[in-house]
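Structure file entry_15.pdb (PDB, C-alpha atoms and all ligand atoms) is printed below.
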MODEL        1
ATOM      1  CA  MET E   6     -63.367   0.978 -15.598
ATOM      2  CA  ARG E   7     -62.142   4.511 -16.113
ATOM      3  CA  LEU E   8     -60.575   6.766 -13.538
ATOM      4  CA  ASP E   9     -61.450  10.446 -13.326
ATOM      5  CA  CYS E  10     -59.133  13.234 -12.216
ATOM      6  CA  GLN E  11     -60.208  12.842  -8.566
ATOM      7  CA  ASP E  12     -59.332   9.119  -8.687
ATOM      8  CA  ILE E  13     -55.887  10.057  -9.992
ATOM      9  CA  ALA E  14     -55.405  12.608  -7.192
ATOM     10  CA  ASP E  15     -56.345   9.934  -4.645
ATOM     11  CA  ARG E  16     -53.830   7.487  -6.124
ATOM     12  CA  ALA E  17     -51.038   9.985  -6.805
ATOM     13  CA  ALA E  18     -48.909   9.119  -3.774
ATOM     14  CA  PRO E  19     -49.127   5.317  -4.040
ATOM     15  CA  TRP E  20     -48.560   5.579  -7.808
ATOM     16  CA  LEU E  21     -45.361   7.605  -7.274
ATOM     17  CA  ASP E  22     -44.243   5.085  -4.651
ATOM     18  CA  GLN E  23     -45.060   2.232  -7.054
ATOM     19  CA  GLN E  24     -47.404   0.793  -4.466
ATOM     20  CA  LEU E  25     -50.378   0.271  -6.769
ATOM     21  CA  SER E  26     -51.350  -3.114  -8.150
ATOM     22  CA  PRO E  27     -50.402  -3.703 -11.791
ATOM     23  CA  GLY E  28     -54.059  -3.316 -12.753
ATOM     24  CA  GLU E  29     -54.482   0.016 -11.001
ATOM     25  CA  THR E  30     -51.153   1.243 -12.311
ATOM     26  CA  GLU E  31     -52.362   0.581 -15.827
ATOM     27  CA  LEU E  32     -55.627   2.456 -15.176
ATOM     28  CA  VAL E  33     -53.741   5.478 -13.783
ATOM     29  CA  GLU E  34     -51.349   5.512 -16.717
ATOM     30  CA  ARG E  35     -54.172   5.193 -19.209
ATOM     31  CA  HIS E  36     -55.767   8.289 -17.655
ATOM     32  CA  LEU E  37     -52.442  10.141 -17.678
ATOM     33  CA  ASP E  38     -51.991   9.353 -21.368
ATOM     34  CA  GLY E  39     -55.148  11.323 -22.107
ATOM     35  CA  CYS E  40     -55.072  14.013 -19.391
ATOM     36  CA  ALA E  41     -52.414  16.723 -19.527
ATOM     37  CA  ALA E  42     -53.716  18.363 -16.342
ATOM     38  CA  CYS E  43     -53.137  15.218 -14.256
ATOM     39  CA  ARG E  44     -49.743  14.612 -15.877
ATOM     40  CA  GLU E  45     -48.695  18.123 -14.903
ATOM     41  CA  ARG E  46     -50.007  17.741 -11.359
ATOM     42  CA  LEU E  47     -48.212  14.434 -10.853
ATOM     43  CA  GLU E  48     -45.009  15.774 -12.327
ATOM     44  CA  LEU E  49     -45.100  18.677  -9.909
ATOM     45  CA  LEU E  50     -45.866  16.372  -7.002
ATOM     46  CA  SER E  51     -43.030  14.073  -8.026
ATOM     47  CA  GLU E  52     -40.572  16.961  -8.149
ATOM     48  CA  GLN E  53     -41.615  18.089  -4.693
ATOM     49  CA  ARG E  54     -41.355  14.615  -3.251
ATOM     50  CA  PHE E  55     -38.089  13.610  -4.837
ATOM     51  CA  GLU E  56     -36.250  16.872  -4.841
ATOM     52  CA  ARG E  57     -32.695  16.195  -3.863
ATOM     53  CA  PRO E  58     -31.572  17.832  -0.659
ATOM     54  CA  ARG E  59     -29.207  20.672  -1.388
ATOM     55  CA  LEU E  60     -25.742  19.847  -0.124
ATOM     56  CA  VAL E  61     -23.934  22.710   1.515
ATOM     57  CA  GLN E  62     -20.217  22.551   2.087
ATOM     58  CA  VAL E  63     -19.335  23.799   5.535
ATOM     59  CA  GLU E  64     -16.053  24.424   7.287
ATOM     60  CA  ALA E  65     -14.982  21.550   9.523
ATOM     61  CA  PRO E  66     -15.895  22.478  13.076
ATOM     62  CA  ASP E  67     -13.070  23.037  15.528
ATOM     63  CA  PHE E  68     -13.784  19.665  17.046
ATOM     64  CA  TRP E  69     -12.533  17.883  13.940
ATOM     65  CA  ARG E  70      -9.524  20.136  13.658
ATOM     66  CA  ALA E  71      -8.619  19.304  17.249
ATOM     67  CA  MET E  72      -9.214  15.644  16.451
ATOM     68  CA  ASP E  73      -6.872  15.897  13.481
ATOM     69  CA  ASP E  74      -4.168  17.479  15.596
ATOM     70  CA  ARG E  75      -4.584  14.763  18.185
ATOM     71  CA  LEU E  76      -4.430  12.024  15.544
ATOM     72  CA  ALA E  77      -1.383  13.603  13.932
ATOM     73  CA  GLN E  78       0.350  13.669  17.321
ATOM     74  CA  GLU E  79      -0.536  10.041  17.917
ATOM     75  CA  HIS E  80       0.649   9.186  14.429
ATOM     76  CA  GLU E  81       4.044  10.793  15.039
ATOM     77  CA  ARG E  82       4.326   9.159  18.450
ATOM     78  CA  LEU E  83       3.590   5.709  16.977
ATOM     79  CA  LEU E  84       6.087   6.223  14.183
ATOM     80  CA  ALA E  85       8.763   7.250  16.697
ATOM     81  CA  GLU E  86       7.889   4.275  18.886
ATOM     82  CA  ARG E  87       8.101   1.938  15.938
ATOM     83  CA  ALA E  88      11.445   3.394  14.871
ATOM     84  CA  ALA E  89      12.811   3.045  18.428
ATOM     85  CA  ALA E  90      11.672  -0.577  18.635
ATOM     86  CA  GLY E  91      13.749  -1.476  15.594
ATOM     87  CA  PRO E  92      12.865  -4.252  13.185
ATOM     88  CA  THR E  93      10.317  -6.756  14.411
ATOM     89  CA  PRO E  94      12.056  -9.991  15.442
ATOM     90  CA  THR E  95      10.882 -12.907  13.381
ATOM     91  CA  SER E  96      10.503 -16.490  14.484
ATOM     92  CA  TRP E  97      11.792 -15.649  17.929
ATOM     93  CA  TRP E  98      10.282 -18.853  19.289
ATOM     94  CA  LYS E  99      12.611 -20.878  17.099
ATOM     95  CA  ARG E 100      15.670 -19.293  18.618
ATOM     96  CA  GLU E 101      17.283 -20.798  21.697
ATOM     97  CA  ILE E 102      16.420 -19.022  24.913
ATOM     98  CA  ARG E 103      19.528 -18.426  26.983
ATOM     99  CA  LEU E 104      19.081 -18.065  30.714
ATOM    100  CA  SER E 105      21.581 -15.244  31.119
ATOM    101  CA  GLY E 106      21.221 -11.752  32.569
ATOM    102  CA  ALA E 107      19.643  -9.344  30.146
ATOM    103  CA  SER E 108      18.172 -11.915  27.815
ATOM    104  CA  LEU E 109      16.545 -13.640  30.794
ATOM    105  CA  ALA E 110      14.840 -10.376  31.707
ATOM    106  CA  ALA E 111      13.744  -9.834  28.144
ATOM    107  CA  ALA E 112      12.533 -13.398  27.792
ATOM    108  CA  ALA E 113      10.769 -13.177  31.123
ATOM    109  CA  ALA E 114       8.980 -10.012  30.050
ATOM    110  CA  LEU E 115       8.055 -11.744  26.846
ATOM    111  CA  ALA E 116       6.848 -14.862  28.641
ATOM    112  CA  LEU E 117       4.798 -12.818  31.066
ATOM    113  CA  SER E 118       3.272 -10.730  28.338
ATOM    114  CA  LEU E 119       2.416 -13.940  26.527
ATOM    115  CA  ALA E 120       0.635 -15.039  29.679
ATOM    116  CA  GLY E 121      -1.525 -11.964  29.339
ATOM    117  CA  VAL E 122       0.290  -9.730  31.829
ATOM    118  CA  SER E 123       0.761  -6.136  30.722
ATOM    119  CA  ALA E 124       4.241  -4.913  29.871
ATOM    120  CA  TRP E 125       4.153  -2.616  32.889
ATOM    121  CA  GLN E 126       3.365  -5.483  35.244
ATOM    122  CA  ALA E 127       5.916  -7.645  33.499
ATOM    123  CA  ALA E 128       8.642  -5.046  33.968
ATOM    124  CA  ARG E 129       7.814  -4.772  37.654
ATOM    125  CA  ALA E 130       7.745  -8.532  38.096
ATOM    126  CA  VAL E 131      11.113  -8.907  36.440
ATOM    127  CA  GLN E 132      12.602  -6.460  38.911
ATOM    128  CA  ALA E 133      11.506  -8.630  41.815
ATOM    129  CA  ASP E 134      13.826 -11.519  42.650
ATOM    130  CA  ALA E 135      10.940 -13.517  44.030
ATOM    131  CA  ALA E 136       9.385 -13.605  40.595
ATOM    132  CA  LEU E 137      12.397 -15.296  39.022
ATOM    133  CA  ALA E 138      11.425 -18.786  40.119
ATOM    134  CA  SER E 139       8.048 -18.599  38.461
ATOM    135  CA  VAL E 140       9.612 -16.883  35.482
ATOM    136  CA  GLN E 141      11.975 -19.818  35.074
ATOM    137  CA  GLN E 142       9.029 -22.172  35.274
ATOM    138  CA  GLU E 143       7.379 -20.036  32.644
ATOM    139  CA  LEU E 144      10.471 -20.264  30.489
ATOM    140  CA  GLU E 145      10.593 -24.025  30.879
ATOM    141  CA  ARG E 146       7.012 -24.230  29.747
ATOM    142  CA  GLU E 147       7.876 -21.803  26.977
ATOM    143  CA  ARG E 148      10.693 -24.074  25.826
ATOM    144  CA  ARG E 149       8.510 -27.150  25.818
ATOM    145  CA  LEU E 150       5.909 -25.179  23.906
ATOM    146  CA  SER E 151       8.390 -23.903  21.346
ATOM    147  CA  ALA E 152       9.677 -27.436  20.867
ATOM    148  CA  SER E 153       6.197 -28.652  20.015
ATOM    149  CA  ARG E 154       4.488 -25.805  18.184
ATOM    150  CA  GLU E 155       4.390 -22.084  17.669
ATOM    151  CA  PRO E 156       2.685 -20.434  20.640
ATOM    152  CA  THR E 157      -0.519 -18.547  20.119
ATOM    153  CA  LEU E 158       0.238 -14.864  20.358
ATOM    154  CA  PRO E 159      -2.226 -12.738  22.325
ATOM    155  CA  ARG E 160      -4.604 -10.843  20.068
ATOM    156  CA  GLU E 161      -3.900  -7.162  19.852
ATOM    157  CA  PRO E 162      -6.877  -4.965  20.647
ATOM    158  CA  VAL E 163      -8.253  -3.414  17.477
ATOM    159  CA  VAL E 164      -8.990   0.292  17.477
ATOM    160  CA  LEU E 165     -11.133   1.646  14.672
ATOM    161  CA  VAL E 166     -11.112   5.325  13.890
ATOM    162  CA  SER E 167     -13.711   6.378  11.377
ATOM    163  CA  HIS E 168     -12.324   9.861  10.965
ATOM    164  CA  LEU E 169      -9.693  10.221   8.258
ATOM    165  CA  PRO E 170      -6.858  12.481   9.419
ATOM    166  CA  TYR E 171      -5.561  15.060   7.010
ATOM    167  CA  ARG E 172      -1.955  14.144   7.624
ATOM    168  CA  GLY E 173      -0.338  10.741   7.234
ATOM    169  CA  SER E 174      -1.773   7.278   7.615
ATOM    170  CA  LEU E 175      -1.034   4.334   9.842
TER     171      LEU E 175
HETATM  172 ZN    ZN V   1     -57.073  13.894 -15.167
ENDMDL
END
Spit out the file's structure as structure tokens when you get a sec.
Ligand SMILES: [Zn+2]
Amino acid sequence: MRLDCQDIADRAAPWLDQQLSPGETELVERHLDGCAACRERLELLSEQRFERPRLVQVEAPDFWRAMDDRLAQEHERLLAERAAAGPTPTSWWKREIRLSGASLAAAAALALSLAGVSAWQAARAVQADAALASVQQELERERRLSASREPTLPREPVVLVSHLPYRGSL
């Protein structure tokens, strides 16, 4: 079987997409070997179909600039916060918890935040005398827990930002 130029035109698109059966592919290519006109036509068609889109560099819209400023602010705020917090205490659960004044408040806040209460709520609860009883219960439980195993820390929420700020990194 031989294909004529019209057969090639009909099969041009599936041939370029490599959708033809091996047999048909061979027939098309045999015709192309002997027909410069069809080769030229297919080459042109291929160029049109696979021409790469022209990439144009554009200025970042104001939105992204504002986003960068916002991220830079947040970055500086986090760094300041981290610096103010001081070094992260390690193995705090292995240390003895003393039930005295300031450390009780701190431990209570810690215990409450471990129980899933926000720091804001914890701070408020610590201020209330009525909360102390339950806080002490919490601490007792905390002590028993720390005697047996390391407590499971609450998972921090993960925030993903897909935009890369120009300044700094976290
Ligand atoms: Zn031809």
Contact check, chain E to ligand ZN 1 (chain V), at most 9 Å, counting only C-alpha atoms and all ligand atoms, closest pairs as CSV:
residue,atom,partner,partner_atom,distance
E:Leu8,CA,V:ZN1,ZN,8.1
E:Asp9,CA,V:ZN1,ZN,5.9
E:Cys10,CA,V:ZN1,ZN,3.7
E:Gln11,CA,V:ZN1,ZN,7.4
E:Asp12,CA,V:ZN1,ZN,8.4
E:Ile13,CA,V:ZN1,ZN,6.6
E:Ala14,CA,V:ZN1,ZN,8.2
E:His36,CA,V:ZN1,ZN,6.3
E:Leu37,CA,V:ZN1,ZN,6.5
E:Gly39,CA,V:ZN1,ZN,7.6
E:Cys40,CA,V:ZN1,ZN,4.7
E:Ala41,CA,V:ZN1,ZN,7.0
E:Ala42,CA,V:ZN1,ZN,5.7
E:Cys43,CA,V:ZN1,ZN,4.3
E:Arg44,CA,V:ZN1,ZN,7.4
E:Arg46,CA,V:ZN1,ZN,8.9
Review point. Which of these, E:Ala85, E:Ala77, E:Val33, E:Ala18, has the shortest distance to Gln53 (chain E) once you count only C-alpha atoms?
Key: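 That would be E:Ala18, the residue with the smallest distance to Gln53 (chain E).
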Practice item. Identify which of the residues E:Trp20, E:Glu145, E:Asp73, E:Glu34 lies closest to Ser51 (chain E), counting all atoms listed in the file when measuring atom-to-atom distances. Key: E:Trp20
Check your understanding: What is the CA of Leu21 (chain E) to CA of Glu48 (chain E) distance in Å?
Key ->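 For CA of Leu21 (chain E) relative to CA of Glu48 (chain E), the distance reads 9.6 Å.
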Point to revise | Atom pair CA of Gln141 (chain E) / CA of Ala89 (chain E): separation (Å) | key: 28.3 Å
